[in-house]
Structures are given as C-alpha cells and as structure tokens.
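*Asks:* File final_12.json below, JSON, C-alpha atoms:
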[["chain", "number", "residue", "atom", "x", "y", "z"],
["A", 18, "MET", "CA", 38.19, -61.32, 28.32],
["A", 19, "ASP", "CA", 36.23, -64.53, 27.99],
["A", 20, "ILE", "CA", 32.88, -64.84, 26.20],
["A", 21, "GLU", "CA", 30.83, -67.91, 27.10],
["A", 22, "HIS", "CA", 27.73, -68.72, 25.04],
["A", 23, "LEU", "CA", 24.89, -70.30, 27.00],
["A", 24, "LYS", "CA", 21.32, -71.19, 26.15],
["A", 25, "GLU", "CA", 18.76, -70.83, 28.96],
["A", 26, "ASN", "CA", 15.12, -71.69, 28.27],
["A", 27, "GLY", "CA", 15.82, -71.41, 24.55],
["A", 28, "ILE", "CA", 17.35, -67.93, 24.91],
["A", 29, "ASP", "CA", 20.92, -67.18, 23.82],
["A", 30, "ILE", "CA", 22.93, -65.44, 26.52],
["A", 31, "ALA", "CA", 26.59, -64.47, 26.43],
["A", 32, "VAL", "CA", 28.54, -64.26, 29.67],
["A", 33, "VAL", "CA", 31.49, -61.87, 29.57],
["A", 34, "SER", "CA", 34.09, -62.29, 32.27],
["A", 35, "GLY", "CA", 37.66, -61.23, 32.83],
["A", 36, "LYS", "CA", 40.70, -62.29, 34.73],
["A", 37, "SER", "CA", 42.07, -60.48, 37.74],
["A", 38, "GLY", "CA", 44.39, -57.67, 36.73],
["A", 39, "GLU", "CA", 43.19, -57.75, 33.13],
["A", 40, "GLU", "CA", 42.39, -54.47, 31.35],
["A", 41, "LYS", "CA", 38.81, -53.26, 31.60],
["A", 42, "VAL", "CA", 36.68, -54.16, 28.59],
["A", 43, "ILE", "CA", 34.05, -51.45, 29.01],
["A", 44, "VAL", "CA", 35.60, -48.01, 29.47],
["A", 45, "ASP", "CA", 33.27, -45.82, 27.38],
["A", 46, "ALA", "CA", 30.23, -45.97, 25.10],
["A", 47, "GLN", "CA", 32.24, -47.09, 22.06],
["A", 48, "SER", "CA", 33.88, -49.99, 23.90],
["A", 49, "ALA", "CA", 30.45, -51.07, 25.19],
["A", 50, "LEU", "CA", 29.07, -50.99, 21.65],
["A", 51, "ASP", "CA", 32.11, -52.89, 20.37],
["A", 52, "LEU", "CA", 31.53, -55.55, 23.01],
["A", 53, "ALA", "CA", 27.82, -55.85, 22.15],
["A", 54, "MET", "CA", 28.59, -56.22, 18.43],
["A", 55, "THR", "CA", 31.37, -58.74, 19.09],
["A", 56, "VAL", "CA", 29.01, -60.79, 21.25],
["A", 57, "LYS", "CA", 26.25, -60.64, 18.61],
["A", 58, "TYR", "CA", 28.70, -61.67, 15.87],
["A", 59, "GLU", "CA", 30.36, -64.49, 17.81],
["A", 60, "THR", "CA", 27.34, -65.92, 19.63],
["A", 61, "GLY", "CA", 24.18, -64.44, 18.13],
["A", 62, "ALA", "CA", 23.12, -63.38, 21.63],
["A", 63, "GLU", "CA", 21.40, -60.08, 22.33],
["A", 64, "ARG", "CA", 21.42, -60.67, 26.08],
["A", 65, "ILE", "CA", 24.69, -60.28, 27.91],
["A", 66, "ALA", "CA", 25.70, -61.04, 31.50],
["A", 67, "ILE", "CA", 28.80, -58.96, 32.27],
["A", 68, "ASP", "CA", 31.18, -59.45, 35.17],
["A", 69, "LYS", "CA", 31.51, -56.12, 37.01],
["A", 70, "ALA", "CA", 35.28, -56.70, 37.02],
["A", 71, "VAL", "CA", 35.49, -55.85, 33.29],
["A", 72, "VAL", "CA", 33.67, -52.50, 33.70],
["A", 73, "CYS", "CA", 35.71, -49.38, 34.46],
["A", 74, "GLY", "CA", 35.23, -47.75, 37.85],
["A", 75, "ASP", "CA", 34.12, -44.46, 36.28],
["A", 76, "PHE", "CA", 30.94, -46.18, 35.10],
["A", 77, "PHE", "CA", 29.79, -46.23, 38.73],
["A", 78, "ILE", "CA", 30.52, -42.51, 39.24],
["A", 79, "LEU", "CA", 27.39, -41.15, 37.59],
["A", 80, "SER", "CA", 28.74, -37.59, 37.30],
["A", 81, "THR", "CA", 31.16, -38.81, 34.60],
["A", 82, "GLY", "CA", 28.19, -39.53, 32.30],
["A", 83, "ILE", "CA", 29.71, -42.80, 31.15],
["A", 84, "ALA", "CA", 26.92, -44.97, 32.58],
["A", 85, "GLY", "CA", 24.23, -42.97, 30.79],
["A", 86, "GLU", "CA", 26.07, -43.13, 27.46],
["A", 87, "ILE", "CA", 26.62, -46.88, 27.79],
["A", 88, "LEU", "CA", 23.04, -47.62, 28.82],
["A", 89, "GLN", "CA", 21.82, -45.57, 25.86],
["A", 90, "LYS", "CA", 24.00, -47.57, 23.42],
["A", 91, "PHE", "CA", 22.68, -50.86, 24.76],
["A", 92, "MET", "CA", 19.08, -49.60, 24.51],
["A", 93, "ASN", "CA", 19.57, -48.26, 20.97],
["A", 94, "TYR", "CA", 20.92, -51.61, 19.79],
["A", 95, "HIS", "CA", 18.28, -53.67, 21.67],
["A", 96, "VAL", "CA", 20.80, -55.41, 23.90],
["A", 97, "LYS", "CA", 19.68, -56.51, 27.36],
["A", 98, "VAL", "CA", 22.44, -56.51, 29.97],
["A", 99, "ALA", "CA", 22.92, -57.69, 33.53],
["A", 100, "ILE", "CA", 26.12, -56.65, 35.31],
["A", 101, "PHE", "CA", 26.94, -59.02, 38.15],
["A", 102, "GLY", "CA", 29.17, -58.28, 41.11],
["A", 103, "ASP", "CA", 29.30, -56.69, 44.56],
["A", 104, "TYR", "CA", 27.69, -53.25, 44.87],
["A", 105, "SER", "CA", 27.56, -53.12, 48.67],
["A", 106, "HIS", "CA", 30.46, -50.70, 49.06],
["A", 107, "TYR", "CA", 28.88, -47.94, 46.95],
["A", 108, "THR", "CA", 27.36, -45.11, 48.98],
["A", 109, "SER", "CA", 26.20, -42.77, 46.21],
["A", 110, "LYS", "CA", 22.45, -42.19, 46.41],
["A", 111, "PRO", "CA", 22.16, -41.46, 42.65],
["A", 112, "LEU", "CA", 23.92, -44.76, 41.89],
["A", 113, "LYS", "CA", 21.70, -46.65, 44.32],
["A", 114, "ASP", "CA", 18.68, -45.03, 42.65],
["A", 115, "LEU", "CA", 19.95, -46.07, 39.20],
["A", 116, "ILE", "CA", 20.43, -49.65, 40.41],
["A", 117, "TYR", "CA", 16.95, -49.70, 41.94],
["A", 118, "GLU", "CA", 15.25, -48.26, 38.84],
["A", 119, "SER", "CA", 17.20, -50.51, 36.48],
["A", 120, "ASN", "CA", 16.35, -53.61, 38.47],
["A", 121, "ASN", "CA", 12.66, -52.71, 38.23],
["A", 122, "GLY", "CA", 12.90, -52.32, 34.46],
["A", 123, "LYS", "CA", 13.32, -54.89, 31.72],
["A", 124, "ASP", "CA", 16.54, -54.06, 29.89],
["A", 125, "PHE", "CA", 19.40, -53.44, 32.31],
["A", 126, "PHE", "CA", 20.11, -55.06, 35.68],
["A", 127, "PHE", "CA", 22.64, -54.88, 38.50],
["A", 128, "VAL", "CA", 22.78, -58.22, 40.32],
["A", 129, "SER", "CA", 25.09, -60.08, 42.69],
["A", 130, "THR", "CA", 25.79, -63.32, 40.85],
["A", 131, "LYS", "CA", 26.12, -64.79, 37.38],
["A", 132, "GLU", "CA", 23.19, -67.08, 38.15],
["A", 133, "GLU", "CA", 20.99, -64.14, 39.09],
["A", 134, "ALA", "CA", 22.05, -62.38, 35.89],
["A", 135, "MET", "CA", 21.06, -65.43, 33.84],
["A", 136, "GLU", "CA", 17.69, -65.61, 35.60],
["A", 137, "ARG", "CA", 16.95, -61.91, 35.01],
["A", 138, "LEU", "CA", 17.94, -62.08, 31.35],
["A", 139, "THR", "CA", 15.72, -65.08, 30.66],
["A", 140, "ARG", "CA", 12.76, -63.58, 32.51],
["A", 141, "THR", "CA", 12.51, -60.44, 30.36]]
Using the file provided, produce a representation of the structure as structure tokens.

*Replies:*
Amino acid sequence: MDIEHLKENGIDIAVVSGKSGEEKVIVDAQSALDLAMTVKYETGAERIAIDKAVVCGDFFILSTGIAGEILQKFMNYHVKVAIFGDYSHYTSKPLKDLIYESNNGKDFFFVSTKEEAMERLTRT
C-alpha cells in the first residue's frame, strides 16, 4: 500500500493505492478505521482517495453488510472518502443505488479516476 499526501486548494488529501496482486487493505470495518487513523496520523488528512484495487470484493456485495459498516466508520470519524476505479461491470441494482446516492451526497463517492476523486474531495 502506498499513501501519497497531496494538497489541493489548501485541502489535505491522502491517496491510497496498491500494487497488482497485493493484499487488500480494506477488508472490514476495523481495517477501514485503521487505514483512516494511519492516514490522519501520517498526513493529517481527513479526506482520502482510495484505489478500488485495495478494497475487498465483498464490499461491493451489499448483502455482506461490509459496505454499510465501513461507511458508518468513516462517517463517525468525519472522514470523507472517494473510491476510484471501474464500476461498469457491476449489475446489482442495490449497489448502483448506493453509488448514485453516495455520489449525490457530500461524504462518500464512487468515481472513475484519481483526478475525479480529488475534485470531489475538494468540492465538499
């Protein structure tokens, strides 16, 4: 896992990315909280752009409950997050609804690119 600290429009943003074949960083609510606290400690950022590649696949299967638990942790600790990657192959209506609702909110976003994640996180 790599954590890159950037400053956009005076706002600290951490970008978390991984390497192909590397273990997933976010696998449950505790690992998401650990990541948020590590980012805050190392960079001071409360806004995080996360590469979808470091998030476990079960996050995107809403019936597992993992996504809800993780989103709740981020909200409780006032961390704004944008997960960037390709979502085109998902067919689940509940997941598409979550992505739509999140993208119309102000705390959690699902976007295609790192640049779009940065833009969303500086806008809110």

*Asks:* Which residues are close to Lys131 (chain A), i.e. within 12 Å by all atoms listed in the file, leaving aside same-chain residues fewer than 4 positions away? Reply as a PyMOL selection string.

*Replies:* chain A and resi 21+23+30-34+65-69+98-103+126-127+135-138

*Asks:* Let me make sure I understand: among A:Ser119, A:Thr60, A:Asn93, A:Ser109, which one has the smallest atom-to-atom distance to Ser80 (chain A) if we use all atoms listed in the file?

*Replies:*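 Closest to Ser80 (chain A) of all the choices is A:Ser109.
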
*Asks:* Give as a compact mmCIF listing (two decimals) with C-alpha atoms, in the coordinates of the input the set of residues within 10 Å of the point (24.3, -66.8, 18.2), where distances use the file's coordinates and all atoms listed in the file.

*Replies:*
# COMPACT_ATOMS: atom_id res chain seq x y z
CA HIS A 22 27.73 -68.72 25.04
CA LEU A 23 24.89 -70.30 27.00
CA LYS A 24 21.32 -71.19 26.15
CA ILE A 28 17.35 -67.93 24.91
CA ASP A 29 20.92 -67.18 23.82
CA ILE A 30 22.93 -65.44 26.52
CA ALA A 31 26.59 -64.47 26.43
CA VAL A 56 29.01 -60.79 21.25
CA LYS A 57 26.25 -60.64 18.61
CA TYR A 58 28.70 -61.67 15.87
CA GLU A 59 30.36 -64.49 17.81
CA THR A 60 27.34 -65.92 19.63
CA GLY A 61 24.18 -64.44 18.13
CA ALA A 62 23.12 -63.38 21.63
CA GLU A 63 21.40 -60.08 22.33

*Asks:* Suppose you want the space between CA of Lys113 (chain A) and CA of Asp75 (chain A); what is it in Å?

*Replies:*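 It comes out at 15.0 Å.
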
*Asks:* Please list as a PyMOL selection string every residue within 8 Å of Val44 (chain A), counting only C-alpha atoms and excluding residues in the same chain fewer than 3 positions away.

*Replies:* chain A and resi 41+48-49+72-73+75-76

*Asks:* Nearest to Met18 (chain A): which of A:Val71, A:Met54, A:His95, A:Ala84 is it, counting all atoms listed in the file?

*Replies:*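 Smallest separation from Met18 (chain A) among the options: A:Val71.
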
*Asks:* Measure the distance from CA of Tyr107 (chain A) to CA of Tyr94 (chain A) in Å and round it to one decimal.

*Replies:*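 According to the coordinates, CA of Tyr107 (chain A) and CA of Tyr94 (chain A) are separated by 28.5 Å.
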
*Asks:* Can you measure CA of Ile116 (chain A) to CA of Leu50 (chain A) for me? One decimal in Å is fine.

*Replies:* 20.7 Å

*Asks:* Given all atoms listed in the file as the basis, pick out the residue of A:Glu25, A:Asp19, A:Glu40, A:Asp114 nearest to Leu79 (chain A).

*Replies:* A:Asp114

*Asks:* As AutoDock Vina command-line options, please: the centre and edge lengths in Å, to one decimal, of an axis-aligned box enclosing every listed atom of region 80-86 of chain A with 8 Å added on each side.

*Replies:*
--center_x 27.7 --center_y -41.3 --center_z 32.4 --size_x 22.9 --size_y 23.4 --size_z 25.8

*Asks:* Would you mind writing region 68-89 of chain A with N, CA and C atoms, as a CSV table (one decimal), in the coordinates of the input?

*Replies:*
chain,number,residue,atom,x,y,z
A,68,ASP,N,30.5,-59.5,33.9
A,68,ASP,CA,31.2,-59.4,35.2
A,68,ASP,C,31.6,-58.0,35.5
A,69,LYS,N,31.2,-57.5,36.6
A,69,LYS,CA,31.5,-56.1,37.0
A,69,LYS,C,33.0,-55.8,36.9
A,70,ALA,N,33.8,-56.9,37.0
A,70,ALA,CA,35.3,-56.7,37.0
A,70,ALA,C,35.8,-56.2,35.7
A,71,VAL,N,35.0,-56.3,34.6
A,71,VAL,CA,35.5,-55.8,33.3
A,71,VAL,C,35.0,-54.5,32.9
A,72,VAL,N,34.2,-53.8,33.9
A,72,VAL,CA,33.7,-52.5,33.7
A,72,VAL,C,34.5,-51.5,34.5
A,73,CYS,N,34.9,-50.4,33.8
A,73,CYS,CA,35.7,-49.4,34.5
A,73,CYS,C,35.0,-48.8,35.7
A,74,GLY,N,35.8,-48.3,36.6
A,74,GLY,CA,35.2,-47.8,37.8
A,74,GLY,C,34.4,-46.5,37.6
A,75,ASP,N,34.8,-45.7,36.6
A,75,ASP,CA,34.1,-44.5,36.3
A,75,ASP,C,32.7,-44.7,35.9
A,76,PHE,N,32.3,-45.9,35.4
A,76,PHE,CA,30.9,-46.2,35.1
A,76,PHE,C,30.1,-46.0,36.3
A,77,PHE,N,30.6,-46.3,37.5
A,77,PHE,CA,29.8,-46.2,38.7
A,77,PHE,C,29.8,-44.9,39.4
A,78,ILE,N,30.5,-43.9,38.8
A,78,ILE,CA,30.5,-42.5,39.2
A,78,ILE,C,29.6,-41.8,38.2
A,79,LEU,N,28.4,-41.6,38.6
A,79,LEU,CA,27.4,-41.2,37.6
A,79,LEU,C,27.7,-39.8,37.0
A,80,SER,N,28.4,-38.9,37.8
A,80,SER,CA,28.7,-37.6,37.3
A,80,SER,C,29.6,-37.6,36.1
A,81,THR,N,30.3,-38.7,35.8
A,81,THR,CA,31.2,-38.8,34.6
A,81,THR,C,30.3,-38.9,33.3
A,82,GLY,N,29.1,-39.4,33.5
A,82,GLY,CA,28.2,-39.5,32.3
A,82,GLY,C,28.4,-40.8,31.5
A,83,ILE,N,29.4,-41.6,31.9
A,83,ILE,CA,29.7,-42.8,31.2
A,83,ILE,C,28.6,-43.8,31.2
A,84,ALA,N,28.0,-44.0,32.4
A,84,ALA,CA,26.9,-45.0,32.6
A,84,ALA,C,25.7,-44.6,31.7
A,85,GLY,N,25.4,-43.4,31.6
A,85,GLY,CA,24.2,-43.0,30.8
A,85,GLY,C,24.5,-43.2,29.3
A,86,GLU,N,25.7,-42.9,28.9
A,86,GLU,CA,26.1,-43.1,27.5
A,86,GLU,C,26.0,-44.6,27.1
A,87,ILE,N,26.6,-45.4,28.0
A,87,ILE,CA,26.6,-46.9,27.8
A,87,ILE,C,25.2,-47.5,27.8
A,88,LEU,N,24.4,-47.1,28.8
A,88,LEU,CA,23.0,-47.6,28.8
A,88,LEU,C,22.3,-47.2,27.6
A,89,GLN,N,22.5,-46.0,27.1
A,89,GLN,CA,21.8,-45.6,25.9
A,89,GLN,C,22.2,-46.4,24.6
